[in-house]
file upload02.cif (mmCIF, C-alpha atoms)
data_upload
loop_
_atom_site.label_atom_id
_atom_site.label_comp_id
_atom_site.auth_asym_id
_atom_site.auth_seq_id
_atom_site.Cartn_x
_atom_site.Cartn_y
_atom_site.Cartn_z
CA MET A 1 59.21 -16.99 8.35
CA GLN A 2 58.57 -13.64 9.99
CA ASN A 3 56.79 -15.47 12.82
CA SER A 4 60.14 -16.79 14.03
CA ALA A 5 60.98 -13.48 15.69
CA ASN A 6 57.85 -13.45 17.87
CA ILE A 7 58.18 -17.12 18.73
CA ALA A 8 61.73 -17.00 19.99
CA GLY A 9 61.86 -13.50 21.42
CA THR A 10 64.49 -11.87 19.23
CA ASP A 11 64.27 -8.38 17.73
CA ARG A 12 65.94 -9.56 14.52
CA PRO A 13 63.24 -10.11 11.87
CA ASP A 14 64.84 -13.19 10.38
CA LEU A 15 66.70 -15.02 13.17
CA VAL A 16 65.48 -17.31 15.94
CA ASP A 17 66.94 -16.45 19.34
CA THR A 18 69.40 -19.18 20.35
CA ALA A 19 69.11 -18.25 24.04
CA ALA A 20 65.42 -19.17 23.99
CA LEU A 21 66.24 -22.58 22.54
CA ILE A 22 68.70 -23.21 25.37
CA GLU A 23 66.33 -22.03 28.10
CA ASP A 24 63.19 -23.91 27.00
CA PRO A 25 64.02 -25.99 23.91
CA TYR A 26 60.93 -28.15 23.46
CA ARG A 27 58.42 -25.32 23.91
CA VAL A 28 60.28 -23.10 21.44
CA LEU A 29 60.77 -25.93 18.95
CA ALA A 30 57.07 -26.82 19.11
CA LYS A 31 56.11 -23.27 18.17
CA LEU A 32 58.68 -23.18 15.39
CA ARG A 33 57.50 -26.53 14.04
CA GLU A 34 53.89 -25.34 14.00
CA ALA A 35 54.84 -22.06 12.31
CA GLY A 36 56.84 -23.64 9.50
CA PRO A 37 59.24 -26.43 8.54
CA VAL A 38 62.40 -24.30 8.18
CA HIS A 39 63.58 -21.21 10.09
CA ARG A 40 66.59 -18.93 10.20
CA ILE A 41 68.63 -19.26 13.36
CA ALA A 42 71.90 -17.98 14.77
CA GLY A 43 73.97 -21.14 14.34
CA THR A 44 76.46 -22.66 16.75
CA ASP A 45 79.14 -20.38 15.29
CA GLY A 46 76.94 -17.31 15.65
CA ARG A 47 76.30 -16.97 11.92
CA PRO A 48 72.91 -17.46 10.25
CA ALA A 49 71.85 -21.03 9.50
CA TRP A 50 68.69 -22.84 8.40
CA LEU A 51 66.98 -24.92 11.09
CA VAL A 52 64.85 -27.85 9.85
CA THR A 53 62.18 -28.79 12.40
CA ARG A 54 59.69 -31.40 11.12
CA TYR A 55 60.29 -35.14 11.29
CA ASP A 56 59.79 -36.07 7.63
CA ASP A 57 61.99 -33.21 6.42
CA VAL A 58 64.72 -33.94 8.96
CA ARG A 59 64.79 -37.67 8.19
CA GLN A 60 64.92 -37.10 4.43
CA ALA A 61 67.64 -34.48 4.81
CA PHE A 62 69.78 -36.91 6.83
CA ALA A 63 69.98 -39.15 3.77
CA ASP A 64 70.09 -36.46 1.06
CA PRO A 65 73.40 -36.72 -0.86
CA ARG A 66 73.05 -33.08 -1.90
CA LEU A 67 73.74 -32.05 1.70
CA SER A 68 77.50 -32.22 2.23
CA LEU A 69 79.37 -32.55 5.51
CA ASP A 70 82.59 -31.28 3.93
CA ARG A 71 83.27 -27.71 5.11
CA ARG A 72 84.94 -26.94 1.80
CA ASN A 73 81.43 -26.82 0.34
CA ALA A 74 80.40 -23.93 2.59
CA ALA A 75 79.94 -20.62 0.81
CA PRO A 76 82.74 -18.11 1.52
CA GLY A 77 82.13 -16.36 4.84
CA ASN A 78 79.08 -18.51 5.57
CA TYR A 79 80.52 -20.85 8.18
CA GLY A 80 82.94 -20.11 11.00
CA GLY A 81 82.73 -23.23 13.13
CA PHE A 82 85.44 -24.42 15.46
CA SER A 83 88.53 -25.44 13.57
CA LEU A 84 90.70 -28.45 14.44
CA PRO A 85 94.15 -29.33 13.11
CA PRO A 86 94.12 -31.79 10.16
CA ALA A 87 95.32 -34.62 12.39
CA LEU A 88 92.00 -34.42 14.31
CA ASP A 89 89.70 -32.94 11.69
CA THR A 90 90.05 -35.46 8.84
CA ASN A 91 87.26 -37.60 10.23
CA LEU A 92 83.92 -39.05 9.16
CA LEU A 93 81.97 -36.02 10.38
CA ASN A 94 83.69 -33.89 7.74
CA MET A 95 83.61 -36.37 4.87
CA ASP A 96 81.37 -37.22 1.93
CA PRO A 97 81.64 -40.28 -0.33
CA PRO A 98 83.86 -41.70 -1.67
CA ASP A 99 86.30 -40.86 1.18
CA HIS A 100 83.58 -41.39 3.79
CA THR A 101 82.75 -44.81 2.30
CA ARG A 102 86.40 -45.86 2.21
CA VAL A 103 87.21 -44.83 5.80
CA ARG A 104 83.98 -46.18 7.28
CA ARG A 105 84.48 -49.55 5.60
CA LEU A 106 87.83 -49.95 7.34
CA VAL A 107 86.40 -49.60 10.83
CA VAL A 108 82.75 -50.72 10.65
CA LYS A 109 83.65 -54.36 11.30
CA ALA A 110 84.71 -53.41 14.83
CA PHE A 111 81.15 -52.33 15.67
CA THR A 112 78.97 -55.06 14.16
CA PRO A 113 76.14 -56.14 16.50
CA GLY A 114 77.73 -59.58 16.85
CA ARG A 115 81.12 -58.27 17.93
CA VAL A 116 79.56 -55.72 20.24
CA GLU A 117 77.34 -58.35 21.87
CA LYS A 118 80.49 -60.16 23.00
CA MET A 119 81.28 -57.07 25.07
CA ARG A 120 78.08 -57.33 27.15
CA GLU A 121 79.67 -59.24 30.03
CA PRO A 122 82.78 -57.01 30.23
CA VAL A 123 80.58 -53.89 30.17
CA ARG A 124 78.37 -55.29 32.95
CA ARG A 125 81.51 -56.04 34.95
CA VAL A 126 82.65 -52.42 34.61
CA ALA A 127 79.17 -51.19 35.63
CA ASP A 128 79.14 -53.40 38.72
CA GLU A 129 82.64 -52.29 39.76
CA LEU A 130 81.65 -48.62 39.49
CA LEU A 131 78.52 -49.23 41.56
CA ASP A 132 80.55 -51.21 44.13
CA ALA A 133 82.71 -48.11 44.62
CA ILE A 134 79.82 -45.73 45.33
CA GLU A 135 77.29 -48.01 47.04
CA PRO A 136 78.57 -47.57 50.64
CA ASP A 137 78.18 -43.78 50.45
CA GLY A 138 74.43 -43.88 49.86
CA HIS A 139 74.58 -40.91 47.51
CA ALA A 140 76.64 -39.66 44.56
CA ASP A 141 76.75 -37.42 41.52
CA LEU A 142 75.80 -40.18 39.13
CA LEU A 143 77.07 -38.23 36.14
CA ALA A 144 80.59 -37.95 37.52
CA THR A 145 80.87 -41.33 39.20
CA TYR A 146 78.93 -43.64 36.90
CA ALA A 147 77.49 -42.33 33.62
CA GLY A 148 80.65 -40.32 32.99
CA GLN A 149 82.98 -43.18 33.87
CA LEU A 150 81.55 -46.28 32.20
CA PRO A 151 81.75 -45.13 28.54
CA ILE A 152 85.30 -43.83 28.81
CA ILE A 153 86.47 -47.10 30.38
CA VAL A 154 84.74 -49.18 27.71
CA ILE A 155 85.90 -47.16 24.69
CA CYS A 156 89.45 -46.82 26.03
CA ASP A 157 89.59 -50.58 26.59
CA LEU A 158 88.35 -51.10 23.04
CA LEU A 159 90.97 -48.75 21.58
CA GLY A 160 93.73 -49.86 23.92
CA VAL A 161 94.29 -46.52 25.66
CA PRO A 162 96.55 -46.97 28.73
CA GLN A 163 95.00 -46.25 32.14
CA ARG A 164 97.37 -43.35 32.83
CA ASP A 165 96.11 -41.45 29.79
CA ARG A 166 92.40 -41.49 30.58
CA ARG A 167 92.12 -38.99 33.42
CA ASP A 168 91.92 -35.74 31.44
CA PHE A 169 89.58 -36.82 28.70
CA ARG A 170 86.32 -35.58 30.22
CA ALA A 171 87.73 -32.08 30.75
CA TRP A 172 88.95 -31.97 27.14
CA SER A 173 85.58 -33.16 25.86
CA ASP A 174 83.63 -30.61 27.91
CA ALA A 175 85.91 -27.80 26.68
CA LEU A 176 85.11 -28.71 23.06
CA ILE A 177 81.41 -29.53 23.33
CA THR A 178 80.30 -26.87 25.83
CA PRO A 179 82.99 -24.17 25.90
CA ASP A 180 83.09 -21.86 28.91
CA PRO A 181 82.65 -18.21 27.82
CA ALA A 182 84.72 -17.16 30.84
CA ARG A 183 87.67 -19.20 29.54
CA PRO A 184 87.90 -18.51 25.80
CA GLN A 185 91.28 -20.22 25.52
CA ALA A 186 90.13 -23.48 27.13
CA ALA A 187 88.96 -25.08 23.89
CA LYS A 188 92.20 -24.20 22.12
CA GLU A 189 94.23 -25.58 25.01
CA ALA A 190 92.13 -28.78 24.97
CA VAL A 191 92.78 -29.22 21.24
CA GLY A 192 96.52 -28.87 21.79
CA SER A 193 96.44 -31.38 24.63
CA MET A 194 94.40 -33.85 22.59
CA LEU A 195 96.68 -33.52 19.58
CA ARG A 196 99.72 -34.31 21.74
CA PHE A 197 97.82 -37.18 23.35
CA TYR A 198 96.80 -38.82 20.07
CA THR A 199 100.19 -38.30 18.45
CA GLY A 200 101.86 -39.96 21.43
CA LEU A 201 99.26 -42.75 21.49
CA MET A 202 99.90 -43.57 17.82
CA ALA A 203 103.63 -43.75 18.43
CA HIS A 204 103.12 -45.98 21.46
CA LYS A 205 100.84 -48.37 19.57
CA ARG A 206 103.27 -48.64 16.69
CA ALA A 207 106.08 -49.49 19.09
CA GLU A 208 103.99 -51.85 21.24
CA PRO A 209 100.91 -53.07 19.32
CA GLY A 210 98.26 -54.86 21.34
CA ASP A 211 95.02 -56.78 20.91
CA ASP A 212 92.90 -53.68 20.41
CA LEU A 213 91.09 -51.69 17.73
CA LEU A 214 93.71 -48.97 17.44
CA SER A 215 96.51 -51.44 16.84
CA ASP A 216 94.37 -53.08 14.15
CA LEU A 217 93.74 -49.71 12.46
CA ILE A 218 97.44 -48.87 12.54
CA LYS A 219 98.18 -52.21 10.90
CA VAL A 220 95.69 -51.37 8.14
CA ARG A 221 97.31 -47.95 7.72
CA ASP A 222 100.84 -49.31 7.59
CA ASP A 223 100.03 -52.32 5.44
CA GLU A 224 100.98 -51.38 1.91
CA MET A 225 97.88 -53.00 0.43
CA GLY A 226 95.45 -52.26 3.27
CA ASP A 227 91.96 -53.75 3.21
CA GLY A 228 91.15 -54.51 -0.41
CA GLY A 229 93.58 -51.85 -1.58
CA ASP A 230 92.12 -49.14 0.69
CA ARG A 231 94.41 -47.22 2.99
CA LEU A 232 94.08 -44.58 5.66
CA THR A 233 96.24 -41.49 5.53
CA GLU A 234 98.07 -40.66 8.76
CA ASP A 235 95.67 -37.76 9.42
CA GLU A 236 92.68 -40.02 8.76
CA LEU A 237 94.02 -42.59 11.20
CA THR A 238 94.57 -40.08 14.01
CA SER A 239 91.27 -38.33 13.30
CA LEU A 240 89.42 -41.66 13.34
CA ALA A 241 90.83 -42.51 16.77
CA PHE A 242 89.84 -39.02 17.95
CA LEU A 243 86.28 -39.40 16.65
CA ILE A 244 85.75 -42.90 18.07
CA LEU A 245 86.95 -41.82 21.49
CA LEU A 246 85.13 -38.47 21.58
CA ALA A 247 81.82 -39.65 20.11
CA GLY A 248 81.95 -42.97 21.96
CA TYR A 249 82.35 -41.07 25.21
CA GLU A 250 80.29 -37.89 24.84
CA ASN A 251 77.00 -39.24 23.48
CA THR A 252 76.87 -42.35 25.65
CA VAL A 253 77.52 -40.43 28.87
CA HIS A 254 74.43 -38.35 28.25
CA LEU A 255 72.33 -41.20 26.88
CA ILE A 256 72.83 -42.88 30.27
CA ALA A 257 72.41 -39.81 32.50
CA ASN A 258 69.46 -38.36 30.56
CA SER A 259 67.77 -41.77 30.68
CA VAL A 260 68.21 -42.05 34.44
CA LEU A 261 66.70 -38.61 34.99
CA ALA A 262 63.77 -39.41 32.68
CA LEU A 263 63.11 -42.62 34.62
CA LEU A 264 63.28 -40.80 37.95
CA ASP A 265 60.70 -38.38 36.52
CA HIS A 266 58.53 -41.37 35.53
CA PRO A 267 58.66 -43.75 38.54
CA GLU A 268 56.01 -46.06 37.10
CA LEU A 269 58.31 -46.83 34.15
CA LEU A 270 61.31 -47.16 36.45
CA HIS A 271 59.46 -49.78 38.52
CA GLU A 272 58.31 -51.55 35.36
CA LEU A 273 61.86 -51.87 34.03
CA ARG A 274 63.22 -52.96 37.39
CA ALA A 275 60.65 -55.76 37.46
CA ASP A 276 61.23 -56.69 33.81
CA PRO A 277 64.67 -55.70 32.42
CA GLY A 278 63.62 -57.36 29.16
CA GLY A 279 61.81 -54.12 28.38
CA LEU A 280 65.05 -52.14 28.25
CA PRO A 281 65.64 -52.41 24.46
CA ALA A 282 62.26 -50.79 23.70
CA ALA A 283 62.82 -48.32 26.52
CA PHE A 284 66.20 -47.36 25.07
CA ASP A 285 64.62 -46.26 21.79
CA GLU A 286 61.98 -44.20 23.56
CA LEU A 287 64.46 -42.65 26.01
CA ALA A 288 66.78 -41.75 23.12
CA ARG A 289 63.85 -40.08 21.37
CA PHE A 290 62.56 -38.32 24.46
CA GLU A 291 65.83 -36.73 25.59
CA SER A 292 68.43 -37.17 22.87
CA PRO A 293 71.99 -36.08 23.74
CA ALA A 294 72.40 -34.62 20.23
CA PRO A 295 69.59 -32.09 19.58
CA LEU A 296 71.27 -31.00 16.34
CA ALA A 297 72.93 -33.14 13.70
CA ILE A 298 76.34 -32.06 12.42
CA ARG A 299 75.99 -29.04 10.11
CA ARG A 300 75.51 -29.61 6.40
CA PHE A 301 76.06 -27.54 3.24
CA PRO A 302 73.88 -27.85 0.11
CA LEU A 303 75.87 -28.67 -3.02
CA GLU A 304 73.18 -26.86 -5.01
CA ASP A 305 70.08 -24.81 -4.26
CA ILE A 306 67.68 -27.25 -2.61
CA GLU A 307 64.11 -27.15 -1.37
CA ILE A 308 63.19 -28.41 2.10
CA GLY A 309 59.62 -28.13 3.27
CA GLY A 310 58.83 -25.72 0.47
CA VAL A 311 61.72 -23.41 1.43
CA THR A 312 64.61 -22.90 -1.01
CA ILE A 313 68.00 -22.98 0.69
CA PRO A 314 70.91 -21.60 -1.38
CA ALA A 315 73.98 -23.70 -2.10
CA GLY A 316 76.74 -23.42 0.49
CA GLU A 317 74.62 -22.09 3.34
CA THR A 318 74.56 -23.87 6.69
CA VAL A 319 71.74 -26.35 7.38
CA LEU A 320 71.02 -27.65 10.88
CA LEU A 321 68.77 -30.70 11.29
CA SER A 322 66.90 -30.59 14.59
CA ALA A 323 66.54 -34.14 15.85
CA ALA A 324 65.12 -32.71 19.09
CA SER A 325 62.28 -31.06 17.17
CA ALA A 326 61.71 -34.09 14.92
CA HIS A 327 61.43 -36.29 18.02
CA ARG A 328 58.57 -34.17 19.37
CA ASP A 329 56.70 -33.94 16.05
CA PRO A 330 53.14 -35.24 16.67
CA ALA A 331 52.84 -36.17 12.99
CA GLN A 332 55.32 -38.97 13.70
CA PHE A 333 54.96 -39.57 17.44
CA PRO A 334 51.45 -39.27 18.94
CA ASP A 335 51.55 -37.47 22.30
CA PRO A 336 55.26 -36.75 21.72
CA ASP A 337 55.84 -35.09 25.10
CA GLN A 338 54.88 -38.32 26.86
CA LEU A 339 57.54 -40.93 27.63
CA ASN A 340 55.97 -44.16 26.38
CA PRO A 341 58.11 -47.17 25.45
CA HIS A 342 54.96 -49.01 24.39
CA ARG A 343 54.04 -46.64 21.56
CA GLY A 344 54.87 -49.41 19.07
CA ARG A 345 56.88 -47.28 16.67
CA SER A 346 60.32 -45.82 16.92
CA GLY A 347 62.12 -44.20 14.03
CA HIS A 348 64.10 -41.92 16.33
CA LEU A 349 67.08 -40.09 14.85
CA ALA A 350 69.20 -39.86 17.99
CA LEU A 351 71.92 -41.96 16.36
CA GLY A 352 71.51 -40.48 12.89
CA HIS A 353 70.13 -41.95 9.67
CA GLY A 354 71.47 -42.89 6.26
CA ILE A 355 75.16 -43.26 5.45
CA HIS A 356 76.11 -41.18 8.48
CA TYR A 357 74.24 -43.40 10.94
CA CYS A 358 76.35 -43.60 14.10
CA LEU A 359 79.16 -46.11 13.65
CA GLY A 360 79.10 -47.01 17.33
CA ALA A 361 75.31 -47.24 17.68
CA PRO A 362 75.31 -50.94 18.73
CA LEU A 363 77.89 -50.17 21.44
CA ALA A 364 76.03 -47.08 22.67
CA ARG A 365 72.84 -49.14 22.95
CA LEU A 366 74.58 -51.98 24.78
CA GLU A 367 76.31 -49.63 27.24
CA THR A 368 73.13 -47.69 28.01
CA GLU A 369 70.95 -50.78 28.47
CA THR A 370 73.60 -52.45 30.62
CA ALA A 371 74.21 -49.35 32.73
CA LEU A 372 70.49 -48.97 33.41
CA ALA A 373 69.98 -52.66 34.18
CA ALA A 374 72.86 -52.70 36.67
CA LEU A 375 71.74 -49.48 38.34
CA LEU A 376 68.08 -50.43 38.70
CA SER A 377 68.84 -53.87 40.08
CA ARG A 378 71.41 -52.57 42.58
CA PHE A 379 69.60 -49.52 43.97
CA PRO A 380 65.84 -50.14 44.37
CA GLY A 381 65.50 -46.93 46.37
CA LEU A 382 67.17 -44.71 43.76
CA ARG A 383 65.94 -41.10 43.97
CA LEU A 384 67.07 -37.56 43.29
CA ASP A 385 69.13 -36.06 46.10
CA VAL A 386 68.14 -32.46 45.32
CA PRO A 387 64.83 -30.78 44.45
CA ARG A 388 63.94 -31.44 40.82
CA GLN A 389 64.17 -27.75 39.89
CA GLU A 390 67.83 -27.72 40.93
CA VAL A 391 68.83 -30.24 38.24
CA ARG A 392 70.54 -28.19 35.52
CA TRP A 393 71.17 -28.77 31.82
CA ARG A 394 74.35 -27.63 30.09
CA PRO A 395 73.85 -24.31 28.27
CA SER A 396 74.12 -25.61 24.71
CA ILE A 397 71.91 -26.05 21.66
CA ARG A 398 74.10 -28.77 20.18
CA ALA A 399 74.47 -31.03 23.24
CA ARG A 400 71.66 -32.02 25.59
CA GLY A 401 73.32 -33.16 28.78
CA LEU A 402 73.21 -32.59 32.51
CA ILE A 403 75.77 -30.62 34.50
CA SER A 404 75.40 -33.10 37.37
CA LEU A 405 72.93 -35.73 38.58
CA PRO A 406 72.87 -35.95 42.40
CA VAL A 407 71.09 -39.11 43.52
CA ALA A 408 70.68 -41.14 46.69
CA TRP A 409 69.58 -44.68 47.50
#
call {"tool": "encode", "arguments": {"input": "upload02.cif", "output": "structure tokens"}}
result
Amino acid sequence: MQNSANIAGTDRPDLVDTAALIEDPYRVLAKLREAGPVHRIAGTDGRPAWLVTRYDDVRQAFADPRLSLDRRNAAPGNYGGFSLPPALDTNLLNMDPPDHTRVRRLVVKAFTPGRVEKMREPVRRVADELLDAIEPDGHADLLATYAGQLPIIVICDLLGVPQRDRRDFRAWSDALITPDPARPQAAKEAVGSMLRFYTGLMAHKRAEPGDDLLSDLIKVRDDEMGDGGDRLTEDELTSLAFLILLAGYENTVHLIANSVLALLDHPELLHELRADPGGLPAAFDELARFESPAPLAIRRFPLEDIEIGGVTIPAGETVLLSAASAHRDPAQFPDPDQLNPHRGRSGHLALGHGIHYCLGAPLARLETETALAALLSRFPGLRLDVPRQEVRWRPSIRARGLISLPVAW
């Protein structure tokens, strides 16, 4: 493990330099992966964590019940991650079974492949309307005007969020996911705004229920028997709405934008998909592997001392599973730095694995495939509107997303 210091450029003998991971993630991860399966890193909260880098270890750890998502299983003083109020924090990303099983069962029916497939035409309609709005200009920041708009419209329609309440959501999301060091209070202010928003939204839906997912969840919560005797607490209900909206927005925005940039970097694949949109499902899996919006899975805490890749990790310490590193592991993906939708095997972990597999994965897939199909068919001359070296990634190790995506057609 001593090699980590030389690889990542830190003078600490036991910690990988987080700045190096932000600046050049795939090069640094490749060297870490070659040096060993597990490394010490300064985690997202600045405290030491264990970074798991190889595909087999990461995939197995995703499904290991000894790795808890519940922060109460962190050793004292070991974890100092961002804290949310209970009304937003009692969600699936902080739960283990049996609570995780109970809450997930109450909402999973909303995201079955069959139900999601019925949304394909409405999603395509939204995509076409967004492209109608920007087409006359001949150029746009595709992140702001398209990739950043489509998912919020779709998920808000699904939940029944009124139009007037949608305008601030991107700013709140950015403040939480990629906080600005120059504005240390921004994240706290965003949390306060979101708490007021969700509290008001719950009250509105109780007073005026509609034909939407949130009204259905409130009915389950308020029904004395619930679904098979299961019930949501009020905090679980609000936190579930928060998670569906945040995760349904954040990851899909960057799945779309990252995919567009990857295709612009690989024009032969872009032309292939324009000629045959039937290749988009296979392309989605490869694009999600190649440039996943979630380089790190949500932190985990061992319930007991566990061994990963021959390294013993003490109970209660923070474990970070690097999907970004696993996705470039040549033991699983031959020529991993090549974008190749014809490689014939997937197994990507961009949407998780095991009991915490992304609840909205079918919807994220549908939105991304539909957004790409609409864009490629509408703008055959799509190209970057700035030199490639001017395209910038957000400075984060936990979110892989663009700051902007200027394109022309």
call {"tool": "atom_distance", "arguments": {"input": "upload02.cif", "atom1": "atom CA of A:Pro267", "atom2": "atom CA of A:Pro341"}}
result
13.5 Å
call {"tool": "closest_residue", "arguments": {"input": "upload02.cif", "among": "A:Arg392, A:Thr368, A:Ile152, A:Asp96", "to": "A:Ala63", "atoms": "only C-alpha atoms"}}
result
A:Asp96
call {"tool": "resolve_selection", "arguments": {"input": "upload02.cif", "expression": "the PyMOL selection byres ((chain A and resi 113) around 10)", "output": "VMD selection string"}}
result
chain A and resid 109 to 112 114 to 118 360 to 363 366
call {"tool": "resolve_selection", "arguments": {"input": "upload02.cif", "expression": "the PyMOL selection byres ((chain A and resi 30) around 12)", "output": "NGL selection string"}}
result
:A and (4 or 7-8 or 21 or 24-29 or 31-37 or 53-55 or 322 or 324-331 or 336-337)
call {"tool": "resolve_selection", "arguments": {"input": "upload02.cif", "expression": "the PyMOL selection byres ((chain A and resi 74-83) around 10)", "output": "number ranges by chain"}}
result
A: 43-49, 68-73, 84-86, 88-89, 176, 187-188, 191, 299-303, 314-318
